[in-house]
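input20.cif follows; it contains mmCIF, C-alpha atoms.
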data_input
#
loop_
_atom_site.label_atom_id
_atom_site.label_comp_id
_atom_site.auth_asym_id
_atom_site.auth_seq_id
_atom_site.Cartn_x
_atom_site.Cartn_y
_atom_site.Cartn_z
CA MET R 1 -3.10 -5.62 24.18
CA ARG R 2 -2.15 -2.30 25.70
CA ASN R 3 1.48 -2.87 24.77
CA PHE R 4 0.29 -3.57 21.32
CA LEU R 5 -1.88 -0.48 21.14
CA PHE R 6 0.83 1.73 22.43
CA LEU R 7 3.34 0.35 19.96
CA VAL R 8 0.96 0.68 17.08
CA PHE R 9 -0.08 4.22 17.78
CA CYS R 10 2.95 5.79 19.35
CA PHE R 11 6.03 4.21 17.98
CA PRO R 12 5.84 5.64 14.48
CA ILE R 13 6.30 9.12 15.86
CA CYS R 14 10.00 8.41 16.01
CA VAL R 15 10.06 6.77 12.78
CA PHE R 16 12.01 6.91 9.17
CA ALA R 17 14.88 5.04 4.76
CA GLN R 18 18.32 4.29 4.11
CA LEU R 19 20.22 6.02 1.35
CA LYS R 20 23.48 5.37 -0.42
CA GLY R 21 26.11 8.07 -0.50
CA TYR R 22 26.54 8.17 3.28
CA THR R 23 29.85 7.45 4.97
CA LEU R 24 30.32 6.33 8.57
CA VAL R 25 30.92 9.03 11.14
CA LYS R 26 34.32 8.35 12.67
CA ASP R 27 34.15 10.54 15.74
CA VAL R 28 30.92 9.34 17.31
CA PRO R 29 31.50 10.90 20.77
CA SER R 30 31.87 14.36 19.21
CA PHE R 31 28.70 13.87 17.19
CA LYS R 32 26.78 12.80 20.27
CA LYS R 33 28.01 15.78 22.21
CA ILE R 34 27.05 18.31 19.53
CA PHE R 35 23.72 16.55 18.91
CA ALA R 36 22.84 16.77 22.59
CA GLU R 37 24.03 20.37 22.91
CA GLN R 38 22.04 21.54 19.91
CA SER R 39 18.94 19.73 21.09
CA LYS R 40 19.18 21.44 24.47
CA LYS R 41 18.51 24.75 22.73
CA VAL R 42 15.15 23.48 21.54
CA ASN R 43 12.25 23.69 23.99
CA SER R 44 9.50 23.18 21.47
CA ILE R 45 8.96 22.27 17.83
CA LYS R 46 5.99 22.97 15.62
CA CYS R 47 5.93 21.73 12.03
CA ASP R 48 3.96 20.10 9.25
CA PHE R 49 4.54 16.54 8.27
CA VAL R 50 3.94 14.36 5.23
CA GLN R 51 3.64 10.64 5.79
CA GLU R 52 4.12 8.18 2.94
CA LYS R 53 3.27 4.54 3.40
CA ASN R 54 4.93 2.33 0.78
CA LEU R 55 3.31 -1.05 0.45
CA SER R 56 5.00 -3.66 -1.72
CA VAL R 57 1.64 -4.65 -3.12
CA LEU R 58 0.82 -1.11 -4.23
CA SER R 59 2.18 0.77 -7.16
CA GLU R 60 1.22 4.03 -5.50
CA LYS R 61 1.86 5.37 -2.02
CA ILE R 62 -0.65 6.14 0.70
CA THR R 63 0.07 9.75 1.61
CA SER R 64 -1.27 11.54 4.65
CA LYS R 65 -0.51 14.96 6.09
CA GLY R 66 -0.80 16.80 9.36
CA THR R 67 0.93 18.82 12.04
CA PHE R 68 3.48 17.78 14.65
CA MET R 69 4.27 19.48 17.95
CA PHE R 70 6.83 18.70 20.60
CA LYS R 71 7.45 20.40 23.94
CA LYS R 72 9.97 19.60 26.61
CA GLN R 73 10.13 17.44 28.53
CA ASN R 74 7.87 14.67 27.38
CA MET R 75 5.07 16.10 25.28
CA ALA R 76 4.29 15.27 21.67
CA ARG R 77 1.26 15.83 19.49
CA MET R 78 0.66 14.36 16.06
CA GLU R 79 -2.48 15.46 14.27
CA TYR R 80 -3.39 13.92 10.92
CA THR R 81 -5.67 16.14 8.86
CA THR R 82 -5.59 14.62 5.36
CA PRO R 83 -7.08 12.32 4.11
CA PHE R 84 -8.45 11.34 7.52
CA LYS R 85 -8.57 12.94 10.96
CA TYR R 86 -6.54 11.25 13.66
CA LEU R 87 -4.97 12.69 16.78
CA LEU R 88 -2.26 11.24 19.01
CA ILE R 89 -1.04 13.06 22.12
CA ILE R 90 1.64 11.90 24.49
CA ASN R 91 2.00 13.86 27.69
CA ALA R 92 4.59 12.25 29.96
CA ASP R 93 3.16 8.81 30.66
CA LYS R 94 -0.35 9.62 29.42
CA VAL R 95 -1.44 8.75 25.92
CA PHE R 96 -4.53 10.14 24.20
CA ILE R 97 -5.85 8.92 20.85
CA LYS R 98 -8.80 10.25 18.92
CA ASP R 99 -10.03 8.93 15.61
CA ASP R 100 -13.21 9.33 13.59
CA GLN R 101 -15.20 7.20 15.94
CA LYS R 102 -13.96 7.63 19.48
CA SER R 103 -11.27 8.88 21.80
CA ASN R 104 -9.20 6.76 24.12
CA SER R 105 -6.67 7.56 26.81
CA PHE R 106 -4.41 5.29 28.78
CA SER R 107 -1.23 5.30 30.80
CA SER R 108 2.08 4.03 29.57
CA LYS R 109 3.46 3.86 33.10
CA ASN R 110 2.52 0.37 34.13
CA ASN R 111 4.66 -1.35 31.62
CA LYS R 112 8.36 -1.42 30.95
CA LEU R 113 7.80 -1.53 27.24
CA PHE R 114 5.72 1.65 27.36
CA GLU R 115 8.47 3.43 29.18
CA ASN R 116 11.04 2.25 26.67
CA ILE R 117 9.04 3.36 23.70
CA ASN R 118 8.19 6.66 25.27
CA LYS R 119 11.87 7.21 25.90
CA ILE R 120 12.85 6.38 22.33
CA MET R 121 10.30 8.81 21.00
CA ILE R 122 11.50 11.65 23.13
CA ASP R 123 15.13 10.68 22.47
CA CYS R 124 14.53 11.09 18.76
CA VAL R 125 13.59 14.72 19.25
CA GLN R 126 15.89 15.54 22.14
CA GLY R 127 19.05 14.28 20.49
CA THR R 128 19.74 11.41 22.86
CA ALA R 129 18.57 8.54 20.65
CA LEU R 130 22.10 7.16 20.47
CA ASP R 131 22.11 6.48 24.18
CA ASN R 132 19.11 4.16 24.01
CA LYS R 133 20.23 0.63 24.83
CA ASN R 134 17.23 -0.95 23.13
CA PHE R 135 18.63 -0.14 19.72
CA ILE R 136 21.87 -0.81 17.93
CA ALA R 137 22.80 2.50 16.29
CA VAL R 138 24.98 3.27 13.28
CA ILE R 139 25.75 6.88 12.36
CA SER R 140 26.77 8.02 8.92
CA GLU R 141 26.74 11.31 7.04
CA ASN R 142 26.69 13.05 3.70
CA GLU R 143 27.11 16.71 2.86
CA LYS R 144 23.79 17.86 4.27
CA GLN R 145 22.54 15.26 6.72
CA TYR R 146 23.44 12.74 9.34
CA LEU R 147 21.79 9.35 9.14
CA LEU R 148 21.05 7.39 12.29
CA GLU R 149 20.22 3.77 11.59
CA LEU R 150 18.53 2.14 14.56
CA VAL R 151 17.92 -1.60 14.75
CA PRO R 152 15.81 -2.78 17.71
CA THR R 153 17.24 -5.37 20.06
CA ILE R 154 14.03 -6.12 22.00
CA LYS R 155 12.00 -8.99 20.59
CA LYS R 156 8.63 -7.28 21.03
CA MET R 157 9.85 -4.39 18.91
CA LYS R 158 11.43 -6.66 16.34
CA ASP R 159 8.00 -8.21 15.76
CA TYR R 160 6.85 -4.86 14.39
CA ILE R 161 9.94 -2.90 13.38
CA LYS R 162 12.93 -4.08 11.39
CA LYS R 163 14.80 -0.79 11.36
CA ILE R 164 14.42 2.96 11.78
CA ASN R 165 16.43 5.51 9.84
CA ILE R 166 16.53 9.06 11.14
CA PHE R 167 17.80 11.85 8.93
CA ILE R 168 19.18 14.83 10.82
CA ASP R 169 19.83 18.24 9.32
CA LYS R 170 23.48 19.28 9.73
CA LYS R 171 22.49 22.94 10.02
CA ASP R 172 20.44 22.73 13.18
CA PHE R 173 20.53 19.03 14.15
CA SER R 174 16.76 18.77 13.82
CA VAL R 175 15.09 15.70 12.42
CA ASN R 176 14.25 16.06 8.71
CA LYS R 177 12.86 12.64 8.10
CA PHE R 178 12.07 9.32 9.75
CA ASP R 179 11.89 6.11 7.81
CA MET R 180 10.52 3.07 9.54
CA ILE R 181 10.89 -0.31 7.88
CA ASP R 182 8.35 -2.73 9.31
CA ALA R 183 8.75 -6.44 9.91
CA SER R 184 7.42 -7.31 6.45
CA GLY R 185 9.85 -4.94 4.71
CA ASP R 186 7.35 -2.20 3.83
CA ASN R 187 8.27 1.27 5.01
CA THR R 188 6.65 4.45 6.28
CA THR R 189 8.36 7.79 5.81
CA LEU R 190 7.61 10.93 7.77
CA THR R 191 9.06 14.16 6.39
CA PHE R 192 8.99 17.23 8.63
CA LEU R 193 8.45 20.57 6.92
CA ASN R 194 8.21 24.24 7.91
CA LYS R 195 9.88 23.65 11.27
CA GLN R 196 9.48 26.34 13.89
CA PHE R 197 11.54 26.15 17.06
CA ASN R 198 10.51 27.58 20.43
CA VAL R 199 7.44 29.33 19.00
CA GLY R 200 3.72 29.00 19.66
CA VAL R 201 3.53 25.69 21.50
CA THR R 202 1.89 25.59 24.91
CA ASP R 203 0.96 22.89 27.40
CA ALA R 204 -2.66 23.24 26.30
CA ASN R 205 -1.72 21.64 22.98
CA PHE R 206 -1.04 18.39 24.82
CA VAL R 207 -4.36 18.00 26.57
CA GLY R 208 -6.68 15.47 24.98
CA LYS R 209 -10.27 16.60 24.48
CA MET I 1 -14.04 -8.52 -15.63
CA THR I 2 -12.86 -12.13 -15.71
CA PHE I 3 -13.81 -12.41 -12.07
CA LYS I 4 -17.38 -11.42 -12.75
CA LYS I 5 -17.80 -13.82 -15.65
CA TYR I 6 -16.37 -16.69 -13.59
CA SER I 7 -18.84 -16.12 -10.79
CA PHE I 8 -21.69 -15.95 -13.20
CA LEU I 9 -20.68 -19.31 -14.63
CA ILE I 10 -20.70 -20.87 -11.17
CA LEU I 11 -24.22 -19.68 -10.55
CA PHE I 12 -25.40 -20.76 -13.91
CA PHE I 13 -23.88 -24.21 -13.51
CA VAL I 14 -25.58 -24.66 -10.16
CA VAL I 15 -28.88 -23.60 -11.58
CA ALA I 16 -28.56 -26.13 -14.32
CA CYS I 17 -27.45 -29.16 -12.31
CA THR I 18 -28.78 -29.10 -8.77
CA PRO I 19 -32.02 -31.03 -8.38
CA LYS I 20 -33.58 -28.64 -5.85
CA MET I 21 -32.99 -25.58 -7.99
CA PRO I 22 -35.90 -23.66 -9.41
CA MET I 23 -36.08 -23.78 -13.15
CA GLN I 24 -34.51 -20.96 -15.12
CA THR I 25 -37.64 -18.91 -15.24
CA THR I 26 -37.55 -15.25 -16.22
CA LYS I 27 -37.67 -14.44 -12.52
CA THR I 28 -34.59 -16.49 -11.60
CA LYS I 29 -32.66 -15.20 -14.58
CA LEU I 30 -33.36 -11.70 -13.32
CA ALA I 31 -32.10 -12.75 -9.90
CA ASN I 32 -28.84 -13.98 -11.40
CA THR I 33 -28.43 -10.75 -13.28
CA CYS I 34 -29.11 -8.78 -10.14
CA LEU I 35 -26.45 -10.65 -8.16
CA GLN I 36 -23.97 -10.00 -10.92
CA GLN I 37 -24.80 -6.30 -10.86
CA LEU I 38 -24.23 -6.19 -7.12
CA LYS I 39 -20.88 -7.90 -7.23
CA PRO I 40 -18.16 -5.35 -6.30
CA ASN I 41 -16.04 -4.21 -9.21
CA ILE I 42 -12.90 -3.14 -7.36
CA GLN I 43 -9.58 -2.10 -8.83
CA SER I 44 -8.18 -0.37 -5.77
CA VAL I 45 -9.98 1.24 -2.85
CA ILE I 46 -8.89 2.53 0.55
CA TYR I 47 -11.22 2.61 3.54
CA ASN I 48 -10.84 4.52 6.75
CA THR I 49 -11.42 1.66 9.17
CA GLN I 50 -12.21 1.20 12.85
CA VAL I 51 -12.03 -2.13 14.62
CA ASN I 52 -13.38 -2.96 18.05
CA VAL I 53 -12.13 -6.32 19.16
CA VAL I 54 -12.58 -7.78 22.64
CA GLY I 55 -12.90 -4.38 24.27
CA ASN I 56 -10.05 -2.77 22.34
CA HIS I 57 -10.33 -0.17 19.65
CA LEU I 58 -8.03 -0.02 16.62
CA SER I 59 -8.21 2.24 13.64
CA GLY I 60 -6.38 2.58 10.35
CA LEU I 61 -6.58 2.23 6.60
CA LEU I 62 -7.89 -0.82 4.80
CA LEU I 63 -6.73 -1.27 1.23
CA VAL I 64 -8.57 -3.62 -1.13
CA LYS I 65 -6.74 -4.07 -4.44
CA LYS I 66 -7.46 -6.37 -7.35
CA MET I 67 -4.20 -7.92 -8.51
CA GLY I 68 -5.44 -9.57 -11.71
CA ASN I 69 -7.53 -12.62 -12.56
CA ASP I 70 -9.31 -13.70 -9.41
CA THR I 71 -6.71 -12.43 -6.91
CA THR I 72 -7.47 -9.66 -4.42
CA ARG I 73 -5.08 -8.29 -1.77
CA ILE I 74 -6.48 -6.88 1.45
CA LEU I 75 -4.20 -4.88 3.71
CA PHE I 76 -4.83 -3.09 6.97
CA THR I 77 -2.38 -0.56 8.44
CA SER I 78 -2.60 1.90 11.31
CA GLU I 79 -2.80 5.62 10.50
CA THR I 80 0.81 5.91 11.59
CA GLY I 81 1.97 3.22 9.19
CA ILE I 82 2.18 -0.03 11.16
CA LYS I 83 0.87 -2.91 9.06
CA PHE I 84 -1.64 -5.16 10.84
CA PHE I 85 -2.32 -7.71 8.16
CA ASP I 86 -1.97 -8.47 4.45
CA PHE I 87 -4.23 -11.17 3.01
CA GLN I 88 -4.39 -12.63 -0.47
CA LEU I 89 -7.77 -13.93 -1.54
CA THR I 90 -8.67 -15.97 -4.61
CA ASN I 91 -11.81 -17.92 -5.50
CA SER I 92 -10.27 -21.07 -4.06
CA ASP I 93 -7.49 -19.96 -1.77
CA PHE I 94 -6.69 -17.68 1.15
CA LYS I 95 -3.14 -16.75 2.13
CA VAL I 96 -1.93 -14.76 5.09
CA MET I 97 0.94 -12.81 3.51
CA PHE I 98 1.59 -10.97 6.75
CA CYS I 99 -0.16 -10.63 10.06
CA ILE I 100 1.02 -9.25 13.38
CA LYS I 101 1.19 -11.87 16.09
CA LYS I 102 -1.68 -10.42 18.12
CA LEU I 103 -4.10 -10.95 15.24
CA ASN I 104 -2.52 -14.02 13.68
CA LYS I 105 -4.87 -16.53 15.27
CA LYS I 106 -6.77 -19.01 13.15
CA VAL I 107 -10.10 -17.95 14.62
CA VAL I 108 -9.46 -14.31 13.67
CA THR I 109 -8.01 -14.86 10.18
CA THR I 110 -10.69 -17.41 9.29
CA GLN I 111 -13.42 -15.02 10.36
CA LEU I 112 -11.88 -12.14 8.43
CA GLN I 113 -11.50 -14.34 5.36
CA LYS I 114 -15.16 -15.18 5.57
CA VAL I 115 -16.20 -11.54 5.98
CA PHE I 116 -14.11 -10.39 3.01
CA ARG I 117 -15.44 -13.21 0.83
CA LEU I 118 -18.98 -12.17 1.68
CA ILE I 119 -18.31 -8.50 0.93
CA LEU I 120 -16.51 -9.31 -2.32
CA MET I 121 -19.26 -11.82 -3.10
CA ASN I 122 -16.62 -14.47 -3.46
CA TYR I 123 -18.68 -17.11 -1.76
CA GLY I 124 -17.35 -20.40 -3.08
CA ASN I 125 -19.70 -23.18 -4.07
CA ILE I 126 -23.35 -22.26 -4.06
CA HIS I 127 -25.81 -25.06 -4.27
CA ASN I 128 -29.07 -23.24 -4.17
CA TYR I 129 -30.60 -19.81 -4.00
CA GLU I 130 -34.05 -18.32 -3.72
CA PRO I 131 -34.95 -14.73 -4.60
CA LEU I 132 -37.31 -13.03 -2.14
CA THR I 133 -38.67 -9.64 -3.06
CA THR I 134 -40.47 -6.93 -1.11
CA ASP I 135 -41.63 -3.52 -2.29
CA SER I 136 -38.30 -1.81 -1.78
CA LEU I 137 -35.79 -4.56 -1.24
CA ARG I 138 -34.72 -7.68 -3.03
CA THR I 139 -33.26 -10.56 -1.05
CA PHE I 140 -31.33 -13.60 -2.24
CA ARG I 141 -30.73 -16.53 0.03
CA LEU I 142 -27.84 -18.68 -1.11
CA VAL I 143 -27.06 -22.09 0.28
CA ASN I 144 -23.34 -22.38 0.86
CA GLY I 145 -22.45 -25.75 2.38
CA LYS I 146 -24.29 -26.00 5.70
CA GLU I 147 -25.16 -22.34 5.96
CA PHE I 148 -27.33 -19.75 4.30
CA VAL I 149 -25.90 -16.54 2.90
CA THR I 150 -28.45 -13.79 2.46
CA TYR I 151 -27.82 -10.74 0.31
CA THR I 152 -30.31 -7.88 0.51
CA ALA I 153 -30.26 -5.07 -2.05
CA PHE I 154 -32.39 -2.26 -3.38
CA ASN I 155 -35.06 -3.56 -5.68
CA ASP I 156 -33.37 -2.08 -8.74
CA CYS I 157 -30.15 -3.97 -7.86
CA SER I 158 -28.24 -0.69 -7.64
CA GLN I 159 -26.88 -1.13 -4.15
CA LEU I 160 -26.21 -3.90 -1.68
CA LYS I 161 -27.64 -3.14 1.79
CA HIS I 162 -27.09 -6.16 3.97
CA ILE I 163 -25.25 -9.46 4.07
CA GLU I 164 -26.00 -12.15 6.61
CA THR I 165 -25.02 -15.73 7.21
CA SER I 166 -26.95 -18.19 9.34
CA SER I 167 -26.73 -21.84 10.21
CA ASN I 168 -30.48 -21.98 9.90
CA LYS I 169 -33.02 -19.42 8.78
CA ASN I 170 -33.42 -17.82 12.23
CA LYS I 171 -29.95 -17.53 13.73
CA PRO I 172 -27.63 -15.02 12.07
CA LYS I 173 -23.88 -15.68 12.49
CA ILE I 174 -22.40 -12.80 10.55
CA SER I 175 -24.22 -9.58 9.86
CA ILE I 176 -22.82 -6.88 7.59
CA ASN I 177 -24.50 -3.58 6.79
CA LEU I 178 -23.49 -1.59 3.73
CA ASP I 179 -24.30 1.87 2.49
CA GLY I 180 -23.53 3.99 -0.57
CA THR I 181 -21.10 3.08 -3.32
CA LYS I 182 -17.41 3.84 -3.75
CA ASN I 183 -15.33 2.59 -6.67
CA GLY I 184 -17.61 -0.32 -7.31
CA ILE I 185 -18.07 -1.27 -3.69
CA ALA I 186 -20.08 0.01 -0.73
CA ASP I 187 -18.99 3.32 0.77
CA VAL I 188 -19.63 2.29 4.35
CA ILE I 189 -19.38 -1.27 5.59
CA LEU I 190 -20.27 -2.25 9.13
CA TYR I 191 -19.51 -5.76 10.26
CA ASN I 192 -20.61 -6.60 13.74
CA ILE I 193 -20.48 -9.71 15.87
CA ILE I 194 -20.46 -9.72 19.63
CA THR I 195 -16.72 -9.34 20.13
CA PHE I 196 -15.61 -8.02 16.78
CA ILE I 197 -16.77 -4.87 15.02
CA LEU I 198 -15.26 -3.61 11.78
CA ILE I 199 -16.30 -0.32 10.19
CA PHE I 200 -15.01 0.71 6.77
CA ARG I 201 -15.71 4.21 5.45
#

So, in terms of structure tokens, how does the structure I just supplied come out?
Amino acid sequence: MRNFLFLVFCFPICVFAQLKGYTLVKDVPSFKKIFAEQSKKVNSIKCDFVQEKNLSVLSEKITSKGTFMFKKQNMARMEYTTPFKYLLIINADKVFIKDDQKSNSFSSKNNKLFENINKIMIDCVQGTALDNKNFIAVISENEKQYLLELVPTIKKMKDYIKKINIFIDKKDFSVNKFDMIDASGDNTTLTFLNKQFNVGVTDANFVGK
Amino acid sequence: MTFKKYSFLILFFVVACTPKMPMQTTKTKLANTCLQQLKPNIQSVIYNTQVNVVGNHLSGLLLVKKMGNDTTRILFTSETGIKFFDFQLTNSDFKVMFCIKKLNKKVVTTQLQKVFRLILMNYGNIHNYEPLTTDSLRTFRLVNGKEFVTYTAFNDCSQLKHIETSSNKNKPKISINLDGTKNGIADVILYNIITFILIFR
């Protein structure tokens, strides 16, 4: 059940939809090198996010909003503010979750799956997602963005996630959008807005209260 | 609207044909009308939902959407977008459109089906009912197969307060508390059995 909880609450942080008009990147090693180099310049990220859940049964989307923070090495905070309050903090191998009713913290250390997922999440932000062996990655590009298409190879992940698309801004190699397509084919999109790099994020932001 | 009329016809038919039924006195007609008033009139509603199941806590969004005729879809996703389940409910049928493996056990889906039917007042074949009234509350005990289903509402039939099932009159099996109204259905729904608690807000 803990695997399950962790997957449910943490995995979507590194989430994102596939678009036409992209062509395959031919020189993958060069892309990886620049991606990693650019990401090294970033110690912290603070931004707003808009999440849209598209359900096949719905004609409308479920939209929620909040703030996202990341700090090297392994700290991430996702705080939903509208239309509900929900907080998720990952600090190394510790996970803290707070919803309307209660807060809960647990360790991701005792399980291989936890470690893998934690790594993917951080990889997404740190620019090393292509090195993760638990996904098959395809990289393509258009004028403004790179598109990383990640298909999980681990069965436990496949049960929940069909594919993740990550859209990366060519200007600064930061993540613009994640699109996660779940096992049933519905998708959840996270769009990151008003990104601030290396400003106003401290360790205190990653302590669950 | 079709849904509501259909349910009314079921009740009326039972009243007319079952030997143990009370006669259609003014009092029982009022009871029928009251049950119809209490029946949720949902088009689409989203609940902020918490689930405690066997010592674990889950939270997310529960969507209840009427798809036309007597079909209702019920979906539950985490706040971060992972879908837990997607059920399709009709008067006579229940389909699991999608359910994650951890929850896709017959005992869980059957129980959830039952809970949603009770909340939506989609209770299948009713063979008997008896209205019981106090000063402030009005209670209807329906006989559904081998069990009783009890609906308790404000005396003016404006709001459903409690739903309970029991195998006999003293042992409750499912207990659901409701409060307020939201888009034709209760604003807060609390379903609680020993190892399974669902709260919709």

- Task: Using all atoms listed in the file, determine which residues lie at most 8 Å from R:Thr191, disregarding the query and same-chain residues fewer than 2 positions distant; provide the list as a PyMOL selection string.
- Result: chain R and resi 49-51+176-178+189+193

Could you give me, as CSV, a per-residue list for chain I showing, wherever an atom lies at most 12 Å from an atom of chain R, the closest pair of atoms and their distance in Å to one decimal, using all atoms listed in the file and sorting by chain then residue number from low to high?
residue,atom,partner,partner_atom,distance
I:Gln43,CA,R:Leu58,CA,11.4
I:Ser44,CA,R:Leu58,CA,9.2
I:Val45,CA,R:Ile62,CA,11.1
I:Ile46,CA,R:Ile62,CA,9.0
I:Tyr47,CA,R:Phe84,CA,10.0
I:Asn48,CA,R:Phe84,CA,7.3
I:Thr49,CA,R:Asp100,CA,9.0
I:Gln50,CA,R:Gln101,CA,7.4
I:Val51,CA,R:Gln101,CA,9.9
I:Asn52,CA,R:Gln101,CA,10.5
I:Val53,CA,R:Met1,CA,10.4
I:Val54,CA,R:Met1,CA,9.8
I:Gly55,CA,R:Met1,CA,9.9
I:Asn56,CA,R:Met1,CA,7.7
I:His57,CA,R:Asn104,CA,8.3
I:Leu58,CA,R:Leu5,CA,7.6
I:Ser59,CA,R:Asp99,CA,7.2
I:Gly60,CA,R:Asp99,CA,9.0
I:Leu61,CA,R:Ile62,CA,9.2
I:Leu62,CA,R:Ile62,CA,10.8
I:Leu63,CA,R:Leu58,CA,9.3
I:Val64,CA,R:Leu58,CA,10.2
I:Lys65,CA,R:Leu58,CA,8.1
I:Lys66,CA,R:Val57,CA,10.2
I:Met67,CA,R:Val57,CA,8.6
I:Thr72,CA,R:Val57,CA,10.5
I:Arg73,CA,R:Val57,CA,7.8
I:Ile74,CA,R:Val57,CA,9.6
I:Leu75,CA,R:Val57,CA,9.0
I:Phe76,CA,R:Leu55,CA,10.6
I:Thr77,CA,R:Lys53,CA,9.1
I:Ser78,CA,R:Val8,CA,6.9
I:Glu79,CA,R:Tyr86,CA,7.5
I:Thr80,CA,R:Pro12,CA,5.8
I:Gly81,CA,R:Thr188,CA,5.6
I:Ile82,CA,R:Val8,CA,6.1
I:Lys83,CA,R:Asp182,CA,7.5
I:Phe84,CA,R:Val8,CA,8.9
I:Phe85,CA,R:Ser184,CA,9.9
I:Asp86,CA,R:Val57,CA,9.2
I:Phe87,CA,R:Val57,CA,10.7
I:Gln88,CA,R:Val57,CA,10.3
I:Met97,CA,R:Ser184,CA,9.0
I:Phe98,CA,R:Ser184,CA,6.9
I:Cys99,CA,R:Ser184,CA,9.0
I:Ile100,CA,R:Tyr160,CA,7.4
I:Lys101,CA,R:Asp159,CA,7.7
I:Lys102,CA,R:Phe4,CA,7.8
I:Leu103,CA,R:Met1,CA,10.5
I:Leu198,CA,R:Gln101,CA,11.6
I:Ile199,CA,R:Gln101,CA,9.5
I:Phe200,CA,R:Asp100,CA,11.1
I:Arg201,CA,R:Asp100,CA,9.9

TODO: Take the point (9.3, 26.9, 25.5) as written in the file and pick out every residue within 12 Å of it, counting only C-alpha atoms; give the list as a ChimeraX atom specification.
DONE: /R:40-46,69-73,75,196-203

| query | Residues at most 10 Å from I:Ser166, counting all atoms listed in the file, excluding those fewer than 5 positions away in the same chain, as a PyMOL selection string? | reply | chain I and resi 143+146-150+171-175

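Separating atom CA of R:Tyr22 from atom CA of R:Ala36 is a distance of 21.5 Å.
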
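Rounded to one decimal, atom CA of I:Leu160 and atom CA of I:Asp179 lie 7.4 Å from each other.
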
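With atom CA of R:Thr63 on one side and atom CA of R:Ser174 on the other, the separation reads 22.6 Å.
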
Closest of I:Thr165, I:Asn177, I:Thr71, I:Thr109 to I:Asn144, counting only C-alpha atoms, is I:Thr165

Using the chain letters and residue numbers of this document, give as a short mmCIF file (atom, residue, chain, number, x, y, z; two decimals) with C-alpha atoms, in the coordinates of the input the residues selected by the PyMOL selection byres ((chain R and resi 150) around 8).
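Okay, this is what ended up in selection05.cif:
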data_model
loop_
_atom_site.label_atom_id
_atom_site.label_comp_id
_atom_site.auth_asym_id
_atom_site.auth_seq_id
_atom_site.Cartn_x
_atom_site.Cartn_y
_atom_site.Cartn_z
CA PHE R 135 18.63 -0.14 19.72
CA ILE R 136 21.87 -0.81 17.93
CA ALA R 137 22.80 2.50 16.29
CA VAL R 138 24.98 3.27 13.28
CA LEU R 148 21.05 7.39 12.29
CA GLU R 149 20.22 3.77 11.59
CA VAL R 151 17.92 -1.60 14.75
CA PRO R 152 15.81 -2.78 17.71
CA LYS R 163 14.80 -0.79 11.36
CA ILE R 164 14.42 2.96 11.78
CA ASN R 165 16.43 5.51 9.84
CA ILE R 166 16.53 9.06 11.14
#

To verify the selection step, state as a PyMOL selection string which residues the PyMOL selection byres ((chain I and resi 161) around 12) yields on this input. chain I and resi 38+119+136-140+150-155+157-160+162-164+175-181+185-190

Of R:Phe96, R:Phe68, R:Tyr146, R:Phe106, the one nearest to R:Cys47 when counting only C-alpha atoms is R:Phe68

Distance query 10 Å from (-7.8, 10.7, 31.4) using all atoms listed in the file, result as a PyMOL selection string
chain R and resi 94-96+104-107+207-209

With N, CA and C atoms as the target, complete stretch 111-120 of chain I and hand it back as a CSV table (one decimal), in the frame of the given file.
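Written out: result-v1.csv:
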chain,number,residue,atom,x,y,z
I,111,GLN,N,-12.2,-15.9,10.3
I,111,GLN,CA,-13.4,-15.0,10.4
I,111,GLN,C,-13.3,-13.9,9.4
I,112,LEU,N,-12.1,-13.3,9.3
I,112,LEU,CA,-11.9,-12.1,8.4
I,112,LEU,C,-12.0,-12.6,7.0
I,113,GLN,N,-11.4,-13.8,6.7
I,113,GLN,CA,-11.5,-14.3,5.4
I,113,GLN,C,-13.0,-14.5,4.9
I,114,LYS,N,-13.8,-15.0,5.9
I,114,LYS,CA,-15.2,-15.2,5.6
I,114,LYS,C,-15.9,-13.8,5.3
I,115,VAL,N,-15.6,-12.9,6.1
I,115,VAL,CA,-16.2,-11.5,6.0
I,115,VAL,C,-15.8,-10.9,4.6
I,116,PHE,N,-14.5,-11.0,4.3
I,116,PHE,CA,-14.1,-10.4,3.0
I,116,PHE,C,-14.7,-11.1,1.8
I,117,ARG,N,-14.8,-12.4,1.9
I,117,ARG,CA,-15.4,-13.2,0.8
I,117,ARG,C,-16.9,-12.8,0.6
I,118,LEU,N,-17.6,-12.6,1.8
I,118,LEU,CA,-19.0,-12.2,1.7
I,118,LEU,C,-19.1,-10.8,1.0
I,119,ILE,N,-18.2,-9.9,1.5
I,119,ILE,CA,-18.3,-8.5,0.9
I,119,ILE,C,-18.0,-8.5,-0.6
I,120,LEU,N,-16.9,-9.3,-0.9
I,120,LEU,CA,-16.5,-9.3,-2.3
I,120,LEU,C,-17.4,-10.2,-3.2
